[in-house]
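Visitor: input-v4.txt is the file, holding compact mmCIF, C-alpha atoms and all ligand atoms:
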```
# COMPACT_ATOMS: atom_id res chain seq x y z
CA MET A 229 0.00 0.00 0.00
CA ASN A 230 1.98 3.02 -1.17
CA SER A 231 1.39 6.22 -3.09
CA LYS A 232 2.21 5.69 -6.71
CA THR A 233 2.11 9.22 -8.07
CA SER A 234 5.36 11.09 -7.53
CA PHE A 235 6.69 14.47 -8.60
CA SER A 236 9.09 17.16 -7.53
CA ILE A 237 8.20 20.22 -5.50
CA GLY A 238 11.17 22.47 -6.13
CA ALA A 239 14.20 20.36 -5.28
CA VAL A 240 12.23 17.85 -3.18
CA ASN A 241 10.74 14.65 -4.59
CA ILE A 242 7.60 13.33 -2.97
CA GLY A 243 5.29 10.38 -3.38
CA GLY A 244 5.98 7.01 -4.98
CA THR A 245 8.96 5.33 -3.35
CA ASN A 246 10.58 8.60 -2.22
CA PRO A 247 11.44 8.90 1.48
CA VAL A 248 8.90 10.62 3.73
CA VAL A 249 9.41 14.40 3.64
CA VAL A 250 9.27 16.43 6.88
CA GLN A 251 7.81 19.92 6.82
CA SER A 252 6.87 22.69 9.20
CA MET A 253 5.24 26.12 9.27
CA THR A 254 6.38 29.53 10.45
CA ASN A 255 4.44 31.46 13.09
CA THR A 256 5.89 34.90 12.45
CA ASP A 257 3.90 37.74 10.92
CA THR A 258 4.53 37.09 7.21
CA ASN A 259 4.81 40.84 6.61
CA ASP A 260 7.81 40.86 8.95
CA VAL A 261 10.22 39.67 6.27
CA ALA A 262 13.35 39.66 8.44
CA ALA A 263 11.70 37.64 11.23
CA SER A 264 10.12 35.21 8.78
CA VAL A 265 13.40 34.65 6.92
CA ALA A 266 15.27 34.12 10.20
CA GLN A 267 12.69 31.65 11.45
CA ALA A 268 12.58 29.76 8.15
CA MET A 269 16.38 29.45 8.28
CA ARG A 270 16.23 28.06 11.83
CA MET A 271 13.56 25.59 10.73
CA VAL A 272 15.62 24.39 7.77
CA ALA A 273 18.67 24.05 10.02
CA ALA A 274 16.49 21.92 12.34
CA GLY A 275 15.52 19.59 9.47
CA ALA A 276 12.50 21.15 7.74
CA GLN A 277 12.52 20.05 4.10
CA MET A 278 9.60 22.34 3.20
CA VAL A 279 8.53 25.57 4.88
CA ARG A 280 4.93 26.79 4.93
CA LEU A 281 3.93 30.38 5.63
CA THR A 282 0.48 31.85 6.04
CA VAL A 283 -0.69 34.34 3.41
CA PRO A 284 -3.91 35.76 4.86
CA SER A 285 -4.45 38.41 2.16
CA LEU A 286 -3.00 40.05 -0.94
CA GLN A 287 -1.11 42.39 1.40
CA GLU A 288 1.33 39.60 2.27
CA VAL A 289 2.14 38.70 -1.35
CA PRO A 290 5.08 41.17 -1.76
CA ALA A 291 6.46 40.01 1.58
CA MET A 292 6.34 36.39 0.39
CA GLN A 293 8.25 37.35 -2.75
CA ALA A 294 10.87 39.12 -0.59
CA ILE A 295 11.12 36.14 1.80
CA ARG A 296 11.62 33.77 -1.09
CA ASP A 297 14.26 35.98 -2.71
CA ARG A 298 16.19 36.43 0.57
CA LEU A 299 16.18 32.70 1.30
CA ARG A 300 17.36 31.81 -2.19
CA GLU A 301 20.10 34.47 -2.02
CA ASP A 302 21.28 32.81 1.19
CA GLY A 303 21.29 29.40 -0.49
CA ILE A 304 18.20 28.08 1.30
CA MET A 305 16.46 26.07 -1.40
CA ALA A 306 13.77 24.36 0.70
CA PRO A 307 10.47 24.66 -1.20
CA LEU A 308 8.09 27.27 0.21
CA VAL A 309 4.39 26.62 0.64
CA ALA A 310 1.81 29.42 0.78
CA ASP A 311 -1.05 28.66 3.16
CA VAL A 312 -4.20 30.23 1.74
CA HIS A 313 -7.72 30.40 3.09
CA PHE A 314 -10.83 32.17 1.81
CA ASN A 315 -9.32 34.09 -1.09
CA PRO A 316 -8.68 32.50 -4.52
CA LYS A 317 -6.93 35.68 -5.66
CA VAL A 318 -4.23 35.12 -3.03
CA ALA A 319 -3.72 31.53 -4.19
CA GLU A 320 -3.43 32.74 -7.80
CA ALA A 321 -0.91 35.41 -6.83
CA MET A 322 1.19 32.95 -4.82
CA ALA A 323 1.21 30.21 -7.45
CA SER A 324 3.85 32.05 -9.48
CA ILE A 325 6.04 32.79 -6.44
CA VAL A 326 6.29 29.64 -4.32
CA GLU A 327 6.68 25.95 -5.12
CA LYS A 328 3.41 24.85 -3.54
CA VAL A 329 0.11 26.44 -2.60
CA ARG A 330 -2.06 24.96 0.11
CA ILE A 331 -5.74 25.69 -0.26
CA ASN A 332 -8.56 24.65 2.04
CA PRO A 333 -11.44 23.20 -0.03
CA GLY A 334 -13.75 24.06 2.87
CA ASN A 335 -13.33 27.78 2.30
CA TYR A 336 -11.82 28.32 -1.17
CA VAL A 337 -15.24 29.20 -2.56
CA ASP A 338 -17.70 27.54 -0.17
CA LYS A 339 -18.15 28.82 3.37
CA ARG A 340 -18.71 27.42 6.85
CA SER A 341 -21.25 29.13 9.06
CA PHE A 342 -22.62 26.03 10.82
CA ARG A 343 -25.88 26.27 8.84
CA GLN A 344 -27.80 23.23 7.68
CA LEU A 345 -28.34 23.55 3.91
CA ASP A 346 -31.09 21.59 2.26
CA LEU A 347 -29.79 21.46 -1.32
CA SER A 348 -31.31 19.42 -4.13
CA ASP A 349 -28.88 17.30 -6.18
CA ALA A 350 -29.03 19.90 -8.95
CA GLU A 351 -28.21 22.76 -6.53
CA TYR A 352 -25.44 20.71 -4.93
CA ASN A 353 -23.85 19.84 -8.27
CA ALA A 354 -24.14 23.44 -9.46
CA ALA A 355 -22.23 24.57 -6.35
CA VAL A 356 -19.43 22.08 -7.11
CA GLU A 357 -19.35 23.27 -10.71
CA ARG A 358 -19.06 26.91 -9.61
CA MET A 359 -16.17 25.96 -7.35
CA GLY A 360 -14.38 24.29 -10.26
CA GLN A 361 -14.92 27.28 -12.54
CA ARG A 362 -13.50 29.61 -9.89
CA ALA A 363 -10.44 27.37 -9.53
CA GLU A 364 -9.65 27.23 -13.25
CA PRO A 365 -7.24 30.22 -13.31
CA LEU A 366 -5.23 28.71 -10.45
CA PHE A 367 -4.53 25.55 -12.44
CA GLY A 368 -3.31 27.58 -15.39
CA ILE A 369 -0.80 29.47 -13.22
CA CYS A 370 0.31 26.31 -11.39
CA LYS A 371 0.91 24.52 -14.68
CA GLU A 372 2.87 27.43 -16.11
CA HIS A 373 5.18 27.60 -13.08
CA GLY A 374 5.31 23.91 -12.11
CA THR A 375 3.64 24.73 -8.80
CA ALA A 376 2.10 21.95 -6.73
CA LEU A 377 -1.23 22.22 -4.96
CA ARG A 378 -2.10 20.81 -1.55
CA LEU A 379 -5.76 20.13 -0.97
CA GLY A 380 -5.70 20.64 2.80
CA ILE A 381 -8.92 19.20 4.19
CA ASN A 382 -9.55 20.01 7.84
CA HIS A 383 -12.21 18.23 9.87
CA GLY A 384 -12.93 21.54 11.61
CA SER A 385 -13.46 23.62 8.48
CA LEU A 386 -15.59 21.58 6.12
CA CYS A 387 -18.12 23.76 4.31
CA ASP A 388 -21.84 23.85 5.15
CA ARG A 389 -22.72 22.14 1.85
CA ILE A 390 -20.60 19.06 2.62
CA VAL A 391 -21.50 18.86 6.33
CA SER A 392 -25.22 19.21 5.59
CA ARG A 393 -25.09 16.22 3.26
CA TYR A 394 -22.48 13.92 4.88
CA GLY A 395 -22.33 15.12 8.50
CA ASN A 396 -19.11 16.26 10.15
CA THR A 397 -17.55 12.88 9.43
CA PRO A 398 -14.49 11.24 7.87
CA LEU A 399 -16.67 10.44 4.84
CA ALA A 400 -17.46 14.16 4.47
CA MET A 401 -13.72 14.91 4.50
CA VAL A 402 -13.16 12.31 1.79
CA GLN A 403 -16.01 13.71 -0.34
CA SER A 404 -14.53 17.18 -0.03
CA ALA A 405 -11.14 15.87 -1.20
CA LEU A 406 -12.55 13.83 -4.07
CA GLU A 407 -14.61 16.77 -5.38
CA TRP A 408 -11.36 18.66 -5.74
CA VAL A 409 -9.51 15.68 -7.20
CA ASP A 410 -12.25 15.59 -9.87
CA ILE A 411 -11.87 19.32 -10.47
CA CYS A 412 -8.06 19.02 -10.74
CA GLU A 413 -8.35 16.11 -13.15
CA HIS A 414 -11.01 17.92 -15.18
CA TYR A 415 -8.41 20.64 -15.81
CA ASP A 416 -5.72 17.99 -16.41
CA PHE A 417 -3.81 19.07 -13.28
CA HIS A 418 -2.07 16.28 -11.38
CA LYS A 419 0.59 17.85 -9.18
CA VAL A 420 -1.64 17.33 -6.18
CA VAL A 421 -0.95 16.48 -2.53
CA ILE A 422 -3.85 15.83 -0.16
CA SER A 423 -4.07 16.06 3.63
CA MET A 424 -6.90 15.01 5.93
CA LYS A 425 -6.30 16.67 9.29
CA SER A 426 -8.20 16.50 12.54
CA SER A 427 -7.37 17.00 16.19
CA ASN A 428 -8.96 13.58 16.74
CA VAL A 429 -6.42 10.83 15.99
CA HIS A 430 -9.08 8.32 14.97
CA THR A 431 -10.83 10.78 12.59
CA MET A 432 -7.54 11.75 10.99
CA MET A 433 -6.66 8.08 10.46
CA GLU A 434 -10.09 7.00 9.24
CA SER A 435 -10.42 9.83 6.73
CA THR A 436 -6.88 9.31 5.40
CA LEU A 437 -7.32 5.55 5.02
CA LEU A 438 -10.72 5.94 3.39
CA LEU A 439 -9.33 8.48 0.94
CA HIS A 440 -6.36 6.22 0.23
CA GLN A 441 -8.73 3.33 -0.49
CA LYS A 442 -10.95 5.46 -2.76
CA MET A 443 -7.92 6.73 -4.67
CA GLU A 444 -6.66 3.18 -5.17
CA GLU A 445 -10.10 2.17 -6.46
CA ARG A 446 -9.97 5.07 -8.92
CA GLY A 447 -6.38 4.26 -9.89
CA CYS A 448 -5.09 7.70 -8.91
CA THR A 449 -3.01 7.65 -5.74
CA TYR A 450 -1.83 11.19 -5.08
CA PRO A 451 0.76 11.78 -2.34
CA LEU A 452 -0.66 12.17 1.14
CA HIS A 453 0.51 14.67 3.72
CA LEU A 454 -0.13 13.55 7.30
CA GLY A 455 -0.71 15.53 10.47
CA VAL A 456 -2.75 15.60 13.65
CA THR A 457 -3.83 19.20 13.90
CA GLU A 458 -4.12 21.20 17.13
CA ALA A 459 -2.08 18.51 18.91
CA GLY A 460 -0.84 20.94 21.58
CA ASN A 461 2.63 20.96 23.07
CA GLY A 462 5.16 18.95 25.06
CA ILE A 463 4.86 15.21 25.49
CA GLU A 464 1.08 15.29 24.86
CA GLY A 465 1.51 17.00 21.47
CA ARG A 466 4.27 14.62 20.40
CA VAL A 467 2.38 11.53 21.54
CA LYS A 468 -0.83 12.58 19.78
CA SER A 469 1.06 13.24 16.55
CA ALA A 470 2.99 9.97 16.82
CA ALA A 471 -0.20 7.99 17.44
CA GLY A 472 -1.87 9.24 14.24
CA ILE A 473 1.05 9.85 11.89
CA GLY A 474 3.08 6.91 13.20
CA ALA A 475 0.20 4.45 12.85
CA LEU A 476 -0.44 5.49 9.25
CA LEU A 477 3.26 5.30 8.35
CA LEU A 478 3.26 1.83 9.91
CA MET A 479 0.50 0.92 7.47
CA GLY A 480 2.57 2.23 4.56
CA VAL A 481 0.45 5.35 4.06
CA GLY A 482 1.89 8.87 3.97
CA ASP A 483 4.44 10.78 1.90
CA THR A 484 5.01 13.98 3.84
CA ILE A 485 4.37 14.77 7.50
CA ARG A 486 4.12 17.65 9.90
CA VAL A 487 4.21 17.27 13.66
CA SER A 488 2.22 20.40 14.68
CA LEU A 489 3.24 21.71 18.09
CA THR A 490 2.28 24.83 20.02
CA GLU A 491 5.97 25.55 20.40
CA ALA A 492 8.71 27.21 18.37
CA PRO A 493 8.37 25.74 14.84
CA GLU A 494 11.98 24.58 14.87
CA ASN A 495 11.02 22.14 17.65
CA GLU A 496 8.73 20.24 15.31
CA THR A 497 11.16 18.76 12.81
CA PRO A 498 13.66 16.95 15.08
CA PHE A 499 10.82 14.92 16.58
CA ALA A 500 9.21 14.42 13.16
CA HIS A 501 12.43 12.90 11.78
CA LYS A 502 12.75 10.78 14.91
CA LEU A 503 9.18 9.57 14.44
CA VAL A 504 9.86 8.52 10.83
CA ARG A 505 13.00 6.62 11.88
CA ALA A 506 11.24 5.09 14.90
CA VAL A 507 8.43 3.69 12.75
CA GLN A 508 10.91 2.30 10.22
CA GLN A 509 12.15 -0.02 12.99
CA LEU A 510 8.62 -1.37 13.57
CA SER A 511 6.21 -3.67 11.82
CA PRO A 512 2.51 -4.31 12.48
CA GLU A 513 3.58 -7.71 13.92
CA ASP A 514 5.07 -5.82 16.87
CA CYS A 515 1.49 -5.29 18.09
CA ILE A 516 1.16 -7.98 20.76
CA ILE A 517 -2.39 -7.94 22.09
CA HIS A 518 -3.70 -10.11 24.90
CA ASP A 519 -7.27 -9.80 26.06
CA HIS A 520 -7.69 -6.34 24.40
CA VAL A 521 -4.50 -5.06 26.07
CA LEU A 522 -1.57 -3.94 23.89
CA GLU A 523 1.74 -5.07 25.39
CA CYS A 524 4.78 -3.06 24.31
CA THR A 525 8.06 -4.41 25.65
CA SER A 526 11.11 -2.56 24.44
CA GLU A 527 14.78 -2.01 25.24
CA GLU A 528 14.96 1.30 23.33
CA GLU A 529 17.17 3.72 25.27
CA ASP A 530 16.13 6.98 23.62
CA TYR A 531 13.01 8.25 25.38
CA GLU A 532 11.47 10.07 22.39
CA THR A 533 12.08 7.14 20.03
CA TRP A 534 10.51 4.74 22.54
CA MET A 535 7.59 7.14 23.09
CA ALA A 536 7.04 7.48 19.32
CA GLN A 537 7.10 3.72 18.83
CA CYS A 538 4.67 3.04 21.70
CA ALA A 539 2.30 5.76 20.45
CA ALA A 540 2.44 4.55 16.83
CA LEU A 541 1.77 0.94 17.86
CA THR A 542 -1.13 2.06 20.06
CA GLY A 543 -2.62 4.20 17.28
CA TYR A 544 -2.36 1.20 14.96
CA ALA A 545 -3.76 -1.29 17.49
CA CYS A 546 -6.54 1.06 18.56
CA TYR A 547 -7.65 1.54 14.97
CA ASN A 548 -7.47 -2.10 13.94
CA HIS A 549 -8.21 -4.10 17.08
CA ALA A 550 -10.34 -2.06 19.52
CA ILE A 551 -7.89 -2.36 22.44
CA LYS A 552 -8.92 -1.21 25.92
CA ASP A 553 -5.54 -0.72 27.57
CA VAL A 554 -1.78 -0.49 27.03
CA ARG A 555 1.05 -1.97 29.10
CA LEU A 556 4.54 -0.61 28.54
CA ALA A 557 7.76 -2.16 29.80
CA ASN A 558 11.29 -0.89 29.25
CA PRO A 559 14.28 -1.61 31.53
CA HIS A 560 15.68 1.90 30.84
CA PHE A 561 12.63 3.69 32.24
CA GLY A 562 11.03 3.08 35.64
CA THR A 563 7.53 1.90 36.43
CA ALA A 564 6.28 5.43 37.14
CA CYS A 565 7.63 6.68 33.81
CA CYS A 566 5.96 3.78 31.98
CA ALA A 567 2.65 4.43 33.78
CA GLU A 568 2.75 8.13 32.92
CA LEU A 569 3.40 7.43 29.24
CA GLU A 570 0.65 4.80 29.21
CA ALA A 571 -1.83 7.39 30.51
CA THR A 572 -0.71 10.00 27.94
CA ILE A 573 -0.99 7.54 25.05
CA LEU A 574 -4.40 6.27 26.19
CA GLN A 575 -5.61 9.88 26.43
CA ALA A 576 -4.20 10.78 22.98
CA CYS A 577 -6.08 7.85 21.42
CA ARG A 578 -9.18 8.65 23.52
CA ILE A 579 -9.14 5.12 24.96
CA LYS A 580 -9.08 6.34 28.59
CA MET A 581 -9.44 10.00 29.48
CA SER A 582 -7.64 10.69 32.76
CA LYS A 583 -7.30 14.46 32.39
CA THR A 584 -8.53 17.43 30.36
CA GLU A 585 -7.87 17.23 26.63
CA PHE A 586 -6.28 20.37 25.23
CA ILE A 587 -6.79 21.25 21.59
CA ALA A 588 -4.21 23.88 20.72
CA CYS A 589 -3.13 25.06 17.30
CA PRO A 590 0.55 25.54 16.48
CA SER A 591 -0.20 29.23 15.71
CA CYS A 592 0.87 31.01 12.54
CA GLY A 593 1.21 34.52 11.18
CA ARG A 594 -2.43 35.17 12.04
CA THR A 595 -1.78 34.84 15.79
CA GLN A 596 -1.63 38.09 17.75
CA TYR A 597 -1.07 36.89 21.31
CA ASP A 598 1.41 34.73 23.16
CA ILE A 599 -0.37 31.42 22.64
CA GLN A 600 2.52 29.35 24.02
CA SER A 601 2.45 30.96 27.46
CA VAL A 602 -1.37 31.03 27.54
CA LEU A 603 -1.52 27.31 26.74
CA ALA A 604 0.95 26.66 29.56
CA LYS A 605 -1.23 28.66 31.99
CA VAL A 606 -4.45 26.97 30.84
CA LYS A 607 -2.87 23.53 31.22
CA GLU A 608 -1.61 24.39 34.70
CA ARG A 609 -5.01 25.61 35.90
CA PHE A 610 -7.47 23.34 34.13
CA SER A 611 -5.85 19.91 33.77
CA ASP A 612 -8.05 18.00 36.21
CA TYR A 613 -11.27 17.67 34.22
CA PRO A 614 -11.19 14.21 32.62
CA GLY A 615 -13.35 14.11 29.52
CA LEU A 616 -13.45 17.91 29.12
CA LYS A 617 -11.94 19.46 25.99
CA ILE A 618 -10.51 22.98 26.08
CA GLY A 619 -9.32 24.72 22.92
CA VAL A 620 -6.54 27.31 22.82
CA MET A 621 -6.44 28.71 19.33
CA GLY A 622 -4.39 31.34 17.60
CA CYS A 623 -6.95 33.28 15.60
CA ILE A 624 -10.61 34.05 15.39
CA VAL A 625 -10.66 33.45 11.62
CA ASN A 626 -10.02 29.71 11.72
CA GLY A 627 -9.81 28.91 15.44
CA PRO A 628 -13.51 28.54 16.32
CA GLY A 629 -14.16 26.13 13.45
CA GLU A 630 -11.01 24.11 14.03
CA MET A 631 -11.77 23.55 17.73
CA ALA A 632 -15.44 22.84 16.99
CA ASP A 633 -15.67 19.81 19.26
CA ALA A 634 -14.09 21.57 22.28
CA ASP A 635 -16.35 22.30 25.27
CA PHE A 636 -14.65 25.65 25.90
CA GLY A 637 -12.09 27.70 24.09
CA ILE A 638 -9.79 30.68 24.30
CA VAL A 639 -9.30 32.14 20.83
CA GLY A 640 -6.93 34.93 19.83
CA ALA A 641 -8.57 38.20 18.77
CA SER A 642 -6.35 41.22 18.13
CA HIS A 643 -3.28 42.71 19.79
CA GLY A 644 -2.95 40.41 22.78
CA SER A 645 -6.66 40.03 23.48
CA VAL A 646 -8.73 36.84 23.28
CA CYS A 647 -12.37 35.72 23.15
CA VAL A 648 -13.92 32.96 25.23
CA TYR A 649 -16.10 30.31 23.60
CA GLU A 650 -18.54 27.86 25.08
CA GLY A 651 -18.89 25.20 22.40
CA LYS A 652 -19.37 27.02 19.13
CA LYS A 653 -20.78 30.11 20.82
CA ARG A 654 -18.64 33.14 21.52
CA ILE A 655 -19.53 34.39 24.98
CA THR A 656 -17.29 37.46 25.25
CA GLU A 657 -15.99 40.29 23.16
CA ALA A 658 -12.20 40.58 23.06
CA VAL A 659 -10.85 40.58 26.65
CA SER A 660 -7.44 40.26 28.31
CA VAL A 661 -5.99 36.78 28.86
CA GLU A 662 -6.39 37.21 32.65
CA GLU A 663 -10.07 38.06 32.25
CA ALA A 664 -10.54 35.07 29.95
CA MET A 665 -8.93 32.75 32.53
CA ARG A 666 -11.27 34.10 35.24
CA LEU A 667 -14.29 33.59 33.00
CA LEU A 668 -13.25 30.05 32.16
CA GLU A 669 -12.74 29.30 35.85
CA ASN A 670 -16.26 30.57 36.66
CA LEU A 671 -17.77 28.61 33.80
CA LEU A 672 -16.11 25.41 34.98
CA LYS A 673 -17.35 25.96 38.55
CA THR A 674 -20.92 25.87 37.30
CA LYS A 675 -20.39 22.57 35.44
S1 LIG B 701 -6.20 28.48 14.05
FE1 LIG B 701 -4.03 28.76 14.57
S2 LIG B 701 -2.85 27.75 12.96
FE2 LIG B 701 -4.99 27.95 12.22
S3 LIG B 701 -4.97 29.87 11.03
FE3 LIG B 701 -5.57 30.43 13.13
S4 LIG B 701 -3.65 30.92 14.20
FE4 LIG B 701 -3.10 29.88 12.30
```
Please lay out the structure from this file as C-alpha cells.
Guide:
Amino acid sequence: MNSKTSFSIGAVNIGGTNPVVVQSMTNTDTNDVAASVAQAMRMVAAGAQMVRLTVPSLQEVPAMQAIRDRLREDGIMAPLVADVHFNPKVAEAMASIVEKVRINPGNYVDKRSFRQLDLSDAEYNAAVERMGQRAEPLFGICKEHGTALRLGINHGSLCDRIVSRYGNTPLAMVQSALEWVDICEHYDFHKVVISMKSSNVHTMMESTLLLHQKMEERGCTYPLHLGVTEAGNGIEGRVKSAAGIGALLLMGVGDTIRVSLTEAPENETPFAHKLVRAVQQLSPEDCIIHDHVLECTSEEEDYETWMAQCAALTGYACYNHAIKDVRLANPHFGTACCAELEATILQACRIKMSKTEFIACPSCGRTQYDIQSVLAKVKERFSDYPGLKIGVMGCIVNGPGEMADADFGIVGASHGSVCVYEGKKRITEAVSVEEAMRLLENLLKTK
C-alpha cells in the first residue's frame, strides 16, 4: 500500500517510493520579512525540508516574494508553501512565487457558518461546478510555473454544503477531497498532494485511510501529507502526533508529514524525523495484544524514540483491534515513567481519558497573542477535568471552526486580546488573557 504518483516540489521529490518528507510552518507575521526569513532558516537548520507560511491576504504577497528571494540568495532552497484560506486571488498570486500552494477546499469558494443547507442534487452539483470554474485560473498558473497544490482538508473547516449532506464525518472529508480531485483532473492538473487533518487521531486516520482506499479504487493515488492538527505541546503534542502519523506510516500510508506543536516551529522537525525513523524499525507484527491489552516491551534507550514507537503501535492497534488498555515495559525507564506514558498515550487515542484534553493550534502569522504561554497557563489551571476538551487557538478566523468539538475555548482576537467560547458560541468580546482565565474558571465551577 503506497502512493504511486510522484513528482518534484522544487528540489524535493515526494510520493511514490521517495522517502517521507518532513515539513513545518512559520508562526511569524509574514509581513515581517526579516523575522520570517530568520525563522525559516532556523527551521531548515532543524531539518524542515519544506517551509509553509500563512498568506492571509493580498497584502502579504510582496512580503512572500521578498522572503523567497532572501532565502534563495542565502542558499536556502527548501520549497516554500503558501497557506491560503478564503481568497482564490491570493492563491493565484502565490502560485507564481512559491513551489506549492495549500488551499482549504472548505473555504476556497464555499463557506462554513454552521448552517444546515437543504440542497437538491441539482443545486449541490451546481455549487461544485461553480467551485471548479472559480479554480480554473489557479490551475493555469500552477501549470505554467510547475507549482504543486495541496488540498488541505480540515475536519474543523468543512463547508456547510458538505456537512449538511455527509455530517461532520471522515466520509465528508473524503467527499470534499474527491470533489477537488475531480476538479483538478477535469483541468488535467495532477501535481496534487492531499491532507486530511483533525485533532482527533481516529478521525484523521479514518479519513486518510478511506481516501487512500478510494484513490486506489480510482487508480489515482496522489501523495498524502499527514498531520494531527491542534495537537498541543510537550509530550502530549508529540504523543498525539505519533499515534496518528506513526500508525499510518506503519500501514505504509503517507508521503510527507508535519508534527504540529504549540511551540517554536523549529522544535517540530527533530521529533518528526525521529518519528519517521522510529516507525521504520517497527512492523505491524510488533502489536502484541492479549485480552484487548496492547503489550509493548522494548529495550529502546532513547526516550522520544521509545515514546514514538509506543504511540504509533497504540494508534495502529486502537484503529485495527479495539484495544482497551496499554502496558509498557522498558528496563531503561522506571515503572512510574511507563505508567505516565501509558496514561498519555491512552488519552491521545481517547481510549481512557484521565485528564482534560487540550486542543491547541501551532499558531501562525495570524496569531496576535502569546499562545505558548497562555496554553501553559491553561494547562496548569485546568488539567483536572477528565473528559473535558478545552481549545486554545491562535486566531478568530479559523480557530472557532477548528476547535469545533471543544467544550470551551480561548481564541486569539487582536493585539494580545482573546475571546472565550462555550462550544461554538462566543460568549465574550475581546478581553485580556487574565479576564478570559477568570471567566473560564467561573464557567467550569458551574459545570
Ligand atoms: S487556528 Fe491557529 S494555525 Fe490555524 S490559522 Fe488560526 S492561528 Fe493559524
Visitor: May I have a table of the residues of chain A lying at most 8 Å from ligand LIG 701 (chain B), giving each one's closest pair of atoms and their distance in Å to one decimal, counting only C-alpha atoms and all ligand atoms, ordered by chain and ascending residue number, as CSV?
Guide:
```
residue,atom,partner,partner_atom,distance
A:Asn255,CA,B:LIG701,FE4,7.7
A:Thr282,CA,B:LIG701,FE4,7.5
A:Glu458,CA,B:LIG701,S2,7.9
A:Ala588,CA,B:LIG701,FE1,7.9
A:Cys589,CA,B:LIG701,FE1,4.7
A:Pro590,CA,B:LIG701,S2,5.4
A:Ser591,CA,B:LIG701,FE1,4.0
A:Cys592,CA,B:LIG701,FE4,4.1
A:Gly593,CA,B:LIG701,FE4,6.4
A:Arg594,CA,B:LIG701,S4,4.9
A:Thr595,CA,B:LIG701,S4,4.6
A:Met621,CA,B:LIG701,S1,5.3
A:Gly622,CA,B:LIG701,S4,3.5
A:Cys623,CA,B:LIG701,FE3,4.0
A:Ile624,CA,B:LIG701,FE3,6.6
A:Val625,CA,B:LIG701,FE3,6.1
A:Asn626,CA,B:LIG701,S1,4.6
A:Gly627,CA,B:LIG701,S1,3.9
A:Pro628,CA,B:LIG701,S1,7.7
A:Glu630,CA,B:LIG701,S1,6.5
A:Gly640,CA,B:LIG701,S4,7.7
```
Visitor: Could you check how far CA of Phe417 in chain A sits from CA of Gly360 in chain A, in Å to one decimal?
Guide: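 About the pair CA of Phe417 in chain A and CA of Gly360 in chain A: they are 12.2 Å apart.
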Visitor: Up to 12 Å from (-4.3, 6.7, 2.5) in the file's coordinates: name the residues, counting all atoms listed in the file, as an MDAnalysis selection string.
Guide: chainID A and resid 229:232 243 402 421:424 432:445 448:454 473 475:484
Visitor: What is the distance between CA of Ala310 in chain A and CA of Gly472 in chain A, in Å to one decimal?
Guide: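 One can read the CA of Ala310 in chain A to CA of Gly472 in chain A distance as 24.5 Å.
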Visitor: Give me, please, the distance in Å between CA of Ala274 in chain A and CA of Glu494 in chain A, quoted to one decimal.
Guide: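 So the answer is 5.8 Å.
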Visitor: Could you please give me, as a ChimeraX atom specification, the residues of protein, DNA or RNA lying at most 10 Å from (-6.0, 20.5, 23.9) in the coordinate frame of the file, considering all atoms listed in the file?
Guide: /A:427,458-461,464-465,576,584-589,603,606-607,611,616-621,631,634,637
Visitor: Compile the contact shell of range 301-307 of chain A as a ChimeraX atom specification: residues with an atom at most 10 Å away, counting only C-alpha atoms, same-chain residues fewer than 2 positions apart removed.
Guide: /A:236-240,251,265,268-269,272-273,276-280,295-299,309,326-328
Visitor: Given all atoms listed in the file as the basis, pick out the residue of A:Ala550, A:Ile411, A:Leu345, A:Cys577 nearest to His430 in chain A.
Guide: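 Selected residue with least distance to His430 in chain A: A:Cys577.
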Visitor: So, with all atoms listed in the file as the atoms that count, which of A:Leu286, A:Ala471, A:Leu668, A:Ala492 lies closest to Met253 in chain A?
Guide: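 Result for the nearest residue to Met253 in chain A: A:Ala492.
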Visitor: With a distance cut-off of 10 Å and all atoms listed in the file, select the neighbouring residues of Ile516 in chain A, excluding the residue or stretch itself and same-chain residues fewer than 5 positions from it, and output the selection as a PyMOL selection string.
Guide: chain A and resi 521-525+541+545
